[in-house]
>>> print(open('model-v8.txt').read())   # compact mmCIF, C-alpha atoms
# COMPACT_ATOMS: atom_id res chain seq x y z
CA ALA A 1 8.11 -55.11 -34.12
CA LYS A 2 6.14 -52.01 -33.20
CA ILE A 3 2.41 -52.43 -32.73
CA ASN A 4 -0.82 -50.71 -31.78
CA LEU A 5 -3.29 -53.54 -31.37
CA ASN A 6 -6.96 -53.48 -30.42
CA CYS A 7 -8.72 -56.86 -30.44
CA GLY A 8 -10.59 -59.35 -28.28
CA VAL A 9 -9.65 -62.70 -26.75
CA GLN A 10 -5.98 -63.78 -26.94
CA ALA A 11 -4.45 -60.50 -27.97
CA GLY A 12 -0.64 -60.58 -28.04
CA GLY A 13 1.77 -57.86 -29.08
CA LEU A 14 3.73 -60.33 -31.23
CA ILE A 15 1.88 -63.67 -31.00
CA GLY A 16 -1.70 -64.58 -30.12
CA TYR A 17 -1.27 -68.30 -29.35
CA PHE A 18 1.55 -70.78 -29.75
CA SER A 19 2.46 -74.25 -28.50
CA ASN A 20 5.20 -76.88 -28.87
CA SER A 21 7.63 -74.29 -30.23
CA SER A 22 10.08 -71.62 -29.16
CA VAL A 23 10.83 -67.95 -29.77
CA GLN A 24 14.24 -66.36 -29.20
CA SER A 25 15.79 -62.89 -29.35
CA SER A 26 12.65 -60.96 -30.33
CA SER A 27 11.22 -57.65 -29.19
CA VAL A 28 8.03 -55.63 -29.48
CA SER A 29 6.91 -52.13 -28.50
CA GLY A 30 3.63 -50.22 -28.57
CA GLU A 31 0.18 -50.69 -27.00
CA VAL A 32 -2.20 -53.65 -26.73
CA TYR A 33 -5.91 -53.41 -25.93
CA GLY A 34 -7.58 -56.77 -25.44
CA GLY A 35 -10.04 -58.94 -23.56
CA MET A 36 -9.34 -62.21 -21.76
CA ASN A 37 -5.78 -63.56 -22.22
CA THR A 38 -3.88 -60.47 -23.25
CA GLY A 39 -0.09 -60.12 -23.28
CA GLY A 40 2.38 -57.50 -24.38
CA PHE A 41 4.46 -60.17 -26.18
CA VAL A 42 2.25 -63.28 -26.40
CA ALA A 43 -1.32 -63.91 -25.27
CA TYR A 44 -1.24 -67.68 -24.62
CA MET A 45 1.62 -70.21 -24.42
CA ALA A 46 0.94 -73.95 -24.07
CA ASP A 47 2.39 -77.46 -24.41
CA ASN A 48 6.12 -76.97 -23.77
CA ALA A 49 6.46 -73.66 -25.57
CA SER A 50 9.29 -71.33 -24.54
CA VAL A 51 10.44 -67.74 -25.01
CA THR A 52 14.09 -66.79 -24.45
CA ASP A 53 16.09 -63.55 -24.57
CA SER A 54 13.13 -61.39 -25.61
CA SER A 55 11.51 -58.13 -24.52
CA ALA A 56 8.32 -56.09 -24.62
CA LYS A 57 8.05 -52.36 -24.08
CA VAL A 58 4.28 -52.23 -24.16
CA ASN A 59 1.31 -50.71 -22.35
CA VAL A 60 -1.37 -53.38 -21.96
CA TYR A 61 -5.02 -52.68 -21.18
CA SER A 62 -7.93 -55.06 -20.54
CA GLU A 63 -11.02 -55.25 -18.33
CA GLU A 64 -10.82 -59.06 -18.13
CA ASP A 65 -8.57 -61.86 -16.82
CA SER A 66 -5.04 -63.17 -17.51
CA VAL A 67 -3.37 -59.94 -18.52
CA SER A 68 0.36 -59.20 -18.56
CA GLY A 69 3.12 -57.05 -19.93
CA PHE A 70 4.67 -60.16 -21.47
CA VAL A 71 2.61 -63.41 -21.38
CA GLY A 72 -1.11 -63.46 -20.59
CA VAL A 73 -1.36 -67.22 -19.91
CA LEU A 74 1.62 -69.53 -19.35
CA GLU A 75 0.42 -73.15 -19.46
CA ASN A 76 2.94 -76.02 -19.28
CA SER A 77 5.55 -73.63 -20.77
CA SER A 78 8.48 -71.46 -19.67
CA VAL A 79 10.09 -68.03 -20.06
CA TYR A 80 13.84 -67.33 -19.75
CA ASN A 81 15.77 -64.06 -19.65
CA CYS A 82 12.85 -61.89 -20.78
CA LYS A 83 12.02 -58.31 -19.87
CA ALA A 84 8.85 -56.21 -19.94
CA GLU A 85 8.33 -52.51 -19.39
CA GLY A 86 5.11 -50.48 -19.29
CA ASN A 87 1.72 -50.10 -17.64
CA VAL A 88 -0.45 -53.19 -17.23
CA GLU A 89 -4.16 -53.05 -16.39
CA GLY A 90 -6.62 -55.95 -16.10
CA TYR A 91 -9.14 -57.52 -13.74
CA ALA A 92 -7.90 -60.88 -12.36
CA TYR A 93 -4.56 -62.68 -12.81
CA VAL A 94 -2.60 -59.59 -13.75
CA GLY A 95 1.21 -59.45 -13.77
CA GLY A 96 4.21 -57.69 -15.22
CA ILE A 97 5.68 -60.81 -16.88
CA CYS A 98 2.82 -63.32 -16.61
CA GLY A 99 -0.86 -63.07 -15.74
CA SER A 100 -1.58 -66.73 -14.99
CA ALA A 101 0.97 -69.58 -14.83
CA SER A 102 -0.26 -73.13 -14.30
CA SER A 103 -0.01 -76.81 -15.14
CA PRO A 104 -3.64 -77.96 -15.49
CA ASP A 105 -2.71 -81.65 -15.35
CA ASN A 106 -0.17 -81.08 -12.53
CA SER A 107 2.53 -82.85 -14.56
CA THR A 108 4.80 -79.96 -15.54
CA THR A 109 6.89 -77.49 -13.59
CA LEU A 110 6.76 -74.15 -15.38
CA GLU A 111 9.83 -71.91 -15.20
CA VAL A 112 10.14 -68.13 -15.10
CA ILE A 113 13.88 -67.51 -14.75
CA ASP A 114 16.07 -64.41 -15.12
CA CYS A 115 13.09 -62.22 -15.97
CA GLY A 116 12.34 -58.61 -15.06
CA PHE A 117 9.53 -56.07 -15.14
CA SER A 118 9.47 -52.32 -14.67
CA GLY A 119 6.36 -50.12 -14.62
CA LYS A 120 2.89 -50.19 -13.06
CA VAL A 121 0.52 -53.13 -12.55
CA SER A 122 -3.11 -52.76 -11.46
CA GLY A 123 -6.20 -54.96 -11.33
CA GLY A 124 -8.97 -56.36 -9.17
CA GLU A 125 -7.56 -59.58 -7.72
CA GLU A 126 -4.48 -61.80 -8.03
CA VAL A 127 -2.17 -58.96 -9.02
CA GLY A 128 1.64 -59.24 -8.95
CA GLY A 129 4.58 -57.21 -10.14
CA LEU A 130 5.94 -60.31 -11.90
CA ILE A 131 3.11 -62.91 -11.88
CA GLY A 132 -0.56 -62.53 -10.98
CA ALA A 133 -1.26 -66.12 -9.92
CA MET A 134 0.75 -69.31 -10.28
CA SER A 135 0.85 -73.03 -9.48
CA HIS A 136 3.50 -75.69 -10.21
CA THR A 137 5.87 -72.87 -11.12
CA LEU A 138 9.54 -72.15 -10.41
CA VAL A 139 10.49 -68.46 -10.29
CA LYS A 140 14.19 -67.68 -9.98
CA ASN A 141 16.61 -64.75 -10.30
CA SER A 142 13.89 -62.32 -11.30
CA THR A 143 13.27 -58.69 -10.47
CA VAL A 144 10.51 -56.11 -10.29
CA THR A 145 11.12 -52.37 -10.34
CA ALA A 146 7.62 -50.99 -9.99
CA GLU A 147 6.14 -47.59 -9.53
CA ARG A 148 3.00 -49.18 -8.12
CA VAL A 149 1.35 -52.61 -7.76
CA SER A 150 -2.31 -52.42 -6.75
CA ALA A 151 -5.48 -54.52 -6.52
CA SER A 152 -8.91 -53.10 -5.84
CA ASP A 153 -9.94 -56.37 -4.18
CA TYR A 154 -7.44 -58.98 -2.84
CA ASN A 155 -4.19 -60.97 -3.26
CA CYS A 156 -1.62 -58.40 -4.29
CA GLY A 157 2.16 -58.90 -4.11
CA GLY A 158 5.20 -56.97 -5.22
CA LEU A 159 6.41 -60.14 -6.99
CA ILE A 160 3.51 -62.65 -6.94
CA GLY A 161 -0.17 -62.00 -6.26
CA ALA A 162 -1.07 -65.60 -5.31
CA ALA A 163 1.25 -68.66 -5.25
CA ASN A 164 -0.23 -72.15 -4.91
CA GLU A 165 0.31 -75.88 -5.40
CA VAL A 166 3.98 -76.83 -5.34
CA SER A 167 5.54 -73.53 -6.40
CA ARG A 168 9.05 -72.28 -5.59
CA VAL A 169 10.46 -68.75 -5.56
CA TYR A 170 14.22 -68.21 -5.19
CA ASP A 171 16.60 -65.26 -5.32
CA CYS A 172 14.26 -62.48 -6.40
CA TRP A 173 14.21 -58.74 -5.78
CA VAL A 174 11.40 -56.18 -5.64
CA LYS A 175 11.81 -52.40 -5.55
CA THR A 176 8.85 -50.01 -5.51
CA SER A 177 8.74 -46.22 -5.64
CA GLU A 178 5.05 -45.99 -4.66
CA ASP A 179 2.54 -48.36 -3.01
CA ILE A 180 1.70 -52.06 -2.96
CA THR A 181 -1.98 -51.98 -1.99
CA ALA A 182 -5.20 -54.02 -2.00
CA ASN A 183 -8.37 -54.40 -0.02
CA ASP A 184 -7.16 -57.69 1.49
CA CYS A 185 -4.02 -59.93 1.51
CA VAL A 186 -1.02 -57.80 0.55
CA GLY A 187 2.65 -58.80 0.66
CA GLY A 188 5.89 -57.14 -0.35
CA ILE A 189 6.90 -60.35 -2.18
CA VAL A 190 3.75 -62.57 -2.24
CA GLY A 191 0.17 -61.54 -1.45
CA ASN A 192 -1.21 -64.99 -0.60
CA MET A 193 0.53 -68.37 -0.64
CA GLY A 194 -0.48 -71.90 0.29
CA GLY A 195 -0.32 -75.54 -0.73
CA ASP A 196 3.39 -76.43 -0.51
CA VAL A 197 4.89 -73.14 -1.62
CA GLU A 198 8.42 -72.05 -0.69
CA VAL A 199 10.01 -68.58 -0.89
CA HIS A 200 13.75 -68.29 -0.24
CA ARG A 201 16.30 -65.48 -0.46
CA CYS A 202 13.86 -62.87 -1.73
CA PHE A 203 14.31 -59.22 -0.79
CA GLY A 204 12.56 -55.92 -1.27
CA GLU A 205 13.17 -52.20 -1.13
CA LEU A 206 9.58 -51.15 -0.59
CA LYS A 207 7.91 -47.77 -0.23
CA ASN A 208 4.48 -48.46 1.33
CA ILE A 209 2.44 -51.66 1.80
CA GLY A 210 -1.20 -51.40 2.82
CA ALA A 211 -4.59 -53.12 2.93
CA VAL A 212 -8.00 -51.93 4.06
CA LEU A 213 -8.96 -55.24 5.70
CA GLY A 214 -5.59 -57.01 5.98
CA PRO A 215 -3.59 -59.15 6.40
CA VAL A 216 -0.43 -57.33 5.36
CA GLY A 217 3.17 -58.59 5.40
CA GLY A 218 6.55 -57.22 4.45
CA ILE A 219 7.32 -60.52 2.69
CA VAL A 220 4.00 -62.43 2.53
CA GLY A 221 0.50 -61.18 3.28
CA LYS A 222 -1.07 -64.56 4.10
CA ILE A 223 0.56 -68.00 4.41
CA GLY A 224 -1.45 -71.22 4.20
CA ALA A 225 -0.67 -74.65 5.58
CA GLY A 226 2.29 -76.45 4.05
CA SER A 227 4.14 -73.34 2.89
CA GLU A 228 7.28 -71.62 4.14
CA THR A 229 9.50 -68.58 3.69
>>> encode(input="model-v8.txt", output="structure tokens")
Amino acid sequence: AKINLNCGVQAGGLIGYFSNSSVQSSSVSGEVYGGMNTGGFVAYMADNASVTDSSAKVNVYSEEDSVSGFVGVLENSSVYNCKAEGNVEGYAYVGGICGSASSPDNSTTLEVIDCGFSGKVSGGEEVGGLIGAMSHTLVKNSTVTAERVSASDYNCGGLIGAANEVSRVYDCWVKTSEDITANDCVGGIVGNMGGDVEVHRCFGELKNIGAVLGPVGGIVGKIGAGSET
């Protein structure tokens, strides 16, 4: 599908909202302009929904939260072998593949596996090349090839902006041709992590990492209690 979409809450390039179902082998290209919960492929996924073997070549623009090149909000759902390409702009929870990933009832482990993003991601806070902010999420075998990942405020990471509450990141790669920057808490892989979060076997080929206030880290900007790399 090829789209040029301009609408408000829950704007998705292919799907606005879906739950308890799956999508496979689909693609979309074009531009999406939306408000809160905006995604290049789908705006909001919930209740054991899944997307597999799909792609979005979409520029996504919003001035609000939960914005992504692929899925705006991932709630108790998962994404496998999906790719996104384009420019992504939002305010908070902004990512190349997913803006916000969470399990509100803490009963589900979300999965983002074998996914990749290429392009630019920018926002105010919780900005990541792959995921803006996540909890109870497994990220594995995923890549980011970014021109630039930037936050005007805090929590910016080449892969994940902020990782919290029993999340795991394995075997991922980040490559940037420009900067990873924010006002505070910047990391080449994760901007800010805490609450039983683990990052293993993740690597980066990074141009510049910088923050006005700090902290800054080649792998993680700030690590809270109970987490490890």
>>> residues_around(input="model-v8.txt", residues="Gly188 in chain A", least_positions_apart="2", cutoff="10 Å", atoms="only C-alpha atoms", output="PyMOL selection string")
chain A and resi 128-129+149+156-161+174-176+179-181+186+190-191+202-210+216-221
>>> atom_distance(input="model-v8.txt", atom1="CA of Ala182 in chain A", atom2="CA of Tyr80 in chain A")
29.2 Å
>>> atom_distance(input="model-v8.txt", atom1="CA of Phe70 in chain A", atom2="CA of Asn183 in chain A")
25.8 Å
>>> closest_residue(input="model-v8.txt", among="A:Asn48, A:Ser152, A:Ser66, A:Gln24", to="Ala11 in chain A", atoms="all atoms listed in the file")
A:Ser66
>>> residues_around(input="model-v8.txt", residues="range 98-100 of chain A", least_positions_apart="6", cutoff="9 Å", atoms="all atoms listed in the file", output="PDB file with C-alpha atoms, in the frame of the given file")
ATOM      1  CA  ASN A  37      -5.780 -63.560 -22.220  1.00  0.00           C
ATOM      2  CA  THR A  38      -3.880 -60.470 -23.250  1.00  0.00           C
ATOM      3  CA  GLY A  39      -0.090 -60.120 -23.280  1.00  0.00           C
ATOM      4  CA  ASP A  65      -8.570 -61.860 -16.820  1.00  0.00           C
ATOM      5  CA  SER A  66      -5.040 -63.170 -17.510  1.00  0.00           C
ATOM      6  CA  VAL A  67      -3.370 -59.940 -18.520  1.00  0.00           C
ATOM      7  CA  SER A  68       0.360 -59.200 -18.560  1.00  0.00           C
ATOM      8  CA  GLY A  69       3.120 -57.050 -19.930  1.00  0.00           C
ATOM      9  CA  PHE A  70       4.670 -60.160 -21.470  1.00  0.00           C
ATOM     10  CA  VAL A  71       2.610 -63.410 -21.380  1.00  0.00           C
ATOM     11  CA  GLY A  72      -1.110 -63.460 -20.590  1.00  0.00           C
ATOM     12  CA  VAL A  73      -1.360 -67.220 -19.910  1.00  0.00           C
ATOM     13  CA  LEU A  74       1.620 -69.530 -19.350  1.00  0.00           C
ATOM     14  CA  GLU A  75       0.420 -73.150 -19.460  1.00  0.00           C
ATOM     15  CA  ALA A  92      -7.900 -60.880 -12.360  1.00  0.00           C
ATOM     16  CA  VAL A 112      10.140 -68.130 -15.100  1.00  0.00           C
ATOM     17  CA  GLU A 126      -4.480 -61.800  -8.030  1.00  0.00           C
ATOM     18  CA  VAL A 127      -2.170 -58.960  -9.020  1.00  0.00           C
ATOM     19  CA  GLY A 128       1.640 -59.240  -8.950  1.00  0.00           C
ATOM     20  CA  LEU A 130       5.940 -60.310 -11.900  1.00  0.00           C
ATOM     21  CA  ILE A 131       3.110 -62.910 -11.880  1.00  0.00           C
ATOM     22  CA  GLY A 132      -0.560 -62.530 -10.980  1.00  0.00           C
ATOM     23  CA  ALA A 133      -1.260 -66.120  -9.920  1.00  0.00           C
ATOM     24  CA  MET A 134       0.750 -69.310 -10.280  1.00  0.00           C
ATOM     25  CA  SER A 135       0.850 -73.030  -9.480  1.00  0.00           C
TER      26      SER A 135
END
>>> atom_distance(input="model-v8.txt", atom1="CA of Glu147 in chain A", atom2="CA of Ser118 in chain A")
7.7 Å
>>> residues_around(input="model-v8.txt", residues="Glu125 in chain A", least_positions_apart="4", cutoff="6 Å", atoms="only C-alpha atoms", output="ChimeraX atom specification")
/A:92,151,153-155
>>> closest_residue(input="model-v8.txt", among="A:Thr143, A:Lys57, A:Ser62, A:Thr52", to="Asn6 in chain A", atoms="only C-alpha atoms")
A:Ser62
>>> closest_residue(input="model-v8.txt", among="A:Ser50, A:Ser55, A:Thr137, A:Ser177", to="Val197 in chain A", atoms="all atoms listed in the file")
A:Thr137
>>> closest_residue(input="model-v8.txt", among="A:Ala211, A:Met193, A:Val79, A:Val23", to="Thr109 in chain A", atoms="all atoms listed in the file")
A:Val79
>>> residues_around(input="model-v8.txt", residues="Val58 in chain A", least_positions_apart="5", cutoff="12 Å", atoms="only C-alpha atoms", output="ChimeraX atom specification")
/A:1-5,12-14,27-33,38-42,68-71,83-89,96-97,117-120
>>> write_last_selection(input="model-v8.txt", atoms="C-alpha atoms", output="short mmCIF file (atom, residue, chain, number, x, y, z; two decimals), in the coordinates of the input")
data_model
loop_
_atom_site.label_atom_id
_atom_site.label_comp_id
_atom_site.auth_asym_id
_atom_site.auth_seq_id
_atom_site.Cartn_x
_atom_site.Cartn_y
_atom_site.Cartn_z
CA ALA A 1 8.11 -55.11 -34.12
CA LYS A 2 6.14 -52.01 -33.20
CA ILE A 3 2.41 -52.43 -32.73
CA ASN A 4 -0.82 -50.71 -31.78
CA LEU A 5 -3.29 -53.54 -31.37
CA GLY A 12 -0.64 -60.58 -28.04
CA GLY A 13 1.77 -57.86 -29.08
CA LEU A 14 3.73 -60.33 -31.23
CA SER A 27 11.22 -57.65 -29.19
CA VAL A 28 8.03 -55.63 -29.48
CA SER A 29 6.91 -52.13 -28.50
CA GLY A 30 3.63 -50.22 -28.57
CA GLU A 31 0.18 -50.69 -27.00
CA VAL A 32 -2.20 -53.65 -26.73
CA TYR A 33 -5.91 -53.41 -25.93
CA THR A 38 -3.88 -60.47 -23.25
CA GLY A 39 -0.09 -60.12 -23.28
CA GLY A 40 2.38 -57.50 -24.38
CA PHE A 41 4.46 -60.17 -26.18
CA VAL A 42 2.25 -63.28 -26.40
CA SER A 68 0.36 -59.20 -18.56
CA GLY A 69 3.12 -57.05 -19.93
CA PHE A 70 4.67 -60.16 -21.47
CA VAL A 71 2.61 -63.41 -21.38
CA LYS A 83 12.02 -58.31 -19.87
CA ALA A 84 8.85 -56.21 -19.94
CA GLU A 85 8.33 -52.51 -19.39
CA GLY A 86 5.11 -50.48 -19.29
CA ASN A 87 1.72 -50.10 -17.64
CA VAL A 88 -0.45 -53.19 -17.23
CA GLU A 89 -4.16 -53.05 -16.39
CA GLY A 96 4.21 -57.69 -15.22
CA ILE A 97 5.68 -60.81 -16.88
CA PHE A 117 9.53 -56.07 -15.14
CA SER A 118 9.47 -52.32 -14.67
CA GLY A 119 6.36 -50.12 -14.62
CA LYS A 120 2.89 -50.19 -13.06
#
>>> residues_around(input="model-v8.txt", residues="Leu110 in chain A", least_positions_apart="5", cutoff="8 Å", atoms="all atoms listed in the file", output="PyMOL selection string")
chain A and resi 74-78+101-103+136-138
>>> closest_residue(input="model-v8.txt", among="A:Ser54, A:Asn164, A:Ser122, A:Asn81", to="Ser150 in chain A", atoms="only C-alpha atoms")
A:Ser122
>>> closest_residue(input="model-v8.txt", among="A:Ala146, A:Val94, A:Ala43, A:Val139", to="Gly124 in chain A", atoms="only C-alpha atoms")
A:Val94
>>> build_atoms(input="model-v8.txt", residues="range 80-91 of chain A", atoms="all heavy atoms", output="mmCIF file, in the frame of the given file")
data_model
loop_
_atom_site.group_PDB
_atom_site.id
_atom_site.type_symbol
_atom_site.label_atom_id
_atom_site.label_comp_id
_atom_site.auth_asym_id
_atom_site.auth_seq_id
_atom_site.Cartn_x
_atom_site.Cartn_y
_atom_site.Cartn_z
ATOM 1 N N TYR A 80 12.479 -67.500 -20.240
ATOM 2 C CA TYR A 80 13.840 -67.330 -19.750
ATOM 3 C C TYR A 80 14.435 -66.006 -20.246
ATOM 4 O O TYR A 80 14.354 -65.684 -21.434
ATOM 5 C CB TYR A 80 14.730 -68.471 -20.243
ATOM 6 C CG TYR A 80 14.223 -69.857 -19.909
ATOM 7 C CD1 TYR A 80 13.613 -70.642 -20.883
ATOM 8 C CD2 TYR A 80 14.343 -70.369 -18.622
ATOM 9 C CE1 TYR A 80 13.150 -71.908 -20.582
ATOM 10 C CE2 TYR A 80 13.878 -71.638 -18.306
ATOM 11 C CZ TYR A 80 13.278 -72.413 -19.293
ATOM 12 O OH TYR A 80 12.808 -73.669 -18.996
ATOM 13 N N ASN A 81 15.045 -65.286 -19.324
ATOM 14 C CA ASN A 81 15.770 -64.060 -19.650
ATOM 15 C C ASN A 81 14.938 -63.112 -20.524
ATOM 16 O O ASN A 81 15.369 -62.670 -21.602
ATOM 17 C CB ASN A 81 17.086 -64.384 -20.366
ATOM 18 C CG ASN A 81 18.013 -63.179 -20.417
ATOM 19 O OD1 ASN A 81 18.015 -62.348 -19.520
ATOM 20 N ND2 ASN A 81 18.796 -63.079 -21.473
ATOM 21 N N CYS A 82 13.746 -62.797 -20.051
ATOM 22 C CA CYS A 82 12.850 -61.890 -20.780
ATOM 23 C C CYS A 82 12.508 -60.683 -19.914
ATOM 24 O O CYS A 82 12.431 -60.783 -18.688
ATOM 25 C CB CYS A 82 11.585 -62.620 -21.202
ATOM 26 S SG CYS A 82 11.893 -63.882 -22.471
ATOM 27 N N LYS A 83 12.296 -59.556 -20.563
ATOM 28 C CA LYS A 83 12.020 -58.310 -19.870
ATOM 29 C C LYS A 83 10.748 -57.668 -20.412
ATOM 30 O O LYS A 83 10.449 -57.778 -21.600
ATOM 31 C CB LYS A 83 13.180 -57.323 -20.031
ATOM 32 C CG LYS A 83 14.569 -57.898 -19.750
ATOM 33 C CD LYS A 83 14.732 -58.351 -18.324
ATOM 34 C CE LYS A 83 16.125 -58.946 -18.103
ATOM 35 N NZ LYS A 83 16.256 -59.541 -16.745
ATOM 36 N N ALA A 84 10.028 -56.981 -19.536
ATOM 37 C CA ALA A 84 8.850 -56.210 -19.940
ATOM 38 C C ALA A 84 8.867 -54.872 -19.235
ATOM 39 O O ALA A 84 9.282 -54.768 -18.070
ATOM 40 C CB ALA A 84 7.567 -56.967 -19.624
ATOM 41 N N GLU A 85 8.393 -53.858 -19.939
ATOM 42 C CA GLU A 85 8.330 -52.510 -19.390
ATOM 43 C C GLU A 85 7.032 -51.856 -19.858
ATOM 44 O O GLU A 85 6.682 -51.946 -21.032
ATOM 45 C CB GLU A 85 9.520 -51.693 -19.858
ATOM 46 C CG GLU A 85 9.523 -50.253 -19.380
ATOM 47 C CD GLU A 85 10.689 -49.457 -19.917
ATOM 48 O OE1 GLU A 85 11.612 -50.065 -20.512
ATOM 49 O OE2 GLU A 85 10.678 -48.218 -19.762
ATOM 50 N N GLY A 86 6.324 -51.193 -18.912
ATOM 51 C CA GLY A 86 5.110 -50.480 -19.290
ATOM 52 C C GLY A 86 4.077 -50.481 -18.199
ATOM 53 O O GLY A 86 4.348 -50.859 -17.061
ATOM 54 N N ASN A 87 2.866 -50.077 -18.549
ATOM 55 C CA ASN A 87 1.720 -50.100 -17.640
ATOM 56 C C ASN A 87 0.817 -51.258 -18.013
ATOM 57 O O ASN A 87 0.502 -51.457 -19.193
ATOM 58 C CB ASN A 87 0.940 -48.788 -17.735
ATOM 59 C CG ASN A 87 1.753 -47.602 -17.274
ATOM 60 O OD1 ASN A 87 2.639 -47.727 -16.427
ATOM 61 N ND2 ASN A 87 1.471 -46.442 -17.829
ATOM 62 N N VAL A 88 0.402 -52.026 -17.004
ATOM 63 C CA VAL A 88 -0.450 -53.190 -17.230
ATOM 64 C C VAL A 88 -1.722 -53.040 -16.416
ATOM 65 O O VAL A 88 -1.650 -52.847 -15.198
ATOM 66 C CB VAL A 88 0.274 -54.493 -16.840
ATOM 67 C CG1 VAL A 88 -0.620 -55.693 -17.109
ATOM 68 C CG2 VAL A 88 1.595 -54.630 -17.578
ATOM 69 N N GLU A 89 -2.878 -53.147 -17.071
ATOM 70 C CA GLU A 89 -4.160 -53.050 -16.390
ATOM 71 C C GLU A 89 -5.062 -54.202 -16.813
ATOM 72 O O GLU A 89 -5.193 -54.486 -18.002
ATOM 73 C CB GLU A 89 -4.851 -51.718 -16.720
ATOM 74 C CG GLU A 89 -4.105 -50.487 -16.270
ATOM 75 C CD GLU A 89 -4.825 -49.197 -16.628
ATOM 76 O OE1 GLU A 89 -5.992 -49.281 -17.073
ATOM 77 O OE2 GLU A 89 -4.226 -48.124 -16.483
ATOM 78 N N GLY A 90 -5.682 -54.877 -15.816
ATOM 79 C CA GLY A 90 -6.620 -55.950 -16.100
ATOM 80 C C GLY A 90 -7.535 -56.149 -14.914
ATOM 81 O O GLY A 90 -7.566 -55.315 -14.000
ATOM 82 N N TYR A 91 -8.276 -57.269 -14.899
ATOM 83 C CA TYR A 91 -9.140 -57.520 -13.740
ATOM 84 C C TYR A 91 -8.513 -58.565 -12.809
ATOM 85 O O TYR A 91 -8.043 -58.239 -11.730
ATOM 86 C CB TYR A 91 -10.547 -57.969 -14.151
ATOM 87 C CG TYR A 91 -11.362 -58.276 -12.916
ATOM 88 C CD1 TYR A 91 -11.680 -57.247 -12.028
ATOM 89 C CD2 TYR A 91 -11.694 -59.572 -12.563
ATOM 90 C CE1 TYR A 91 -12.352 -57.514 -10.841
ATOM 91 C CE2 TYR A 91 -12.370 -59.846 -11.391
ATOM 92 C CZ TYR A 91 -12.692 -58.822 -10.529
ATOM 93 O OH TYR A 91 -13.343 -59.090 -9.353
#
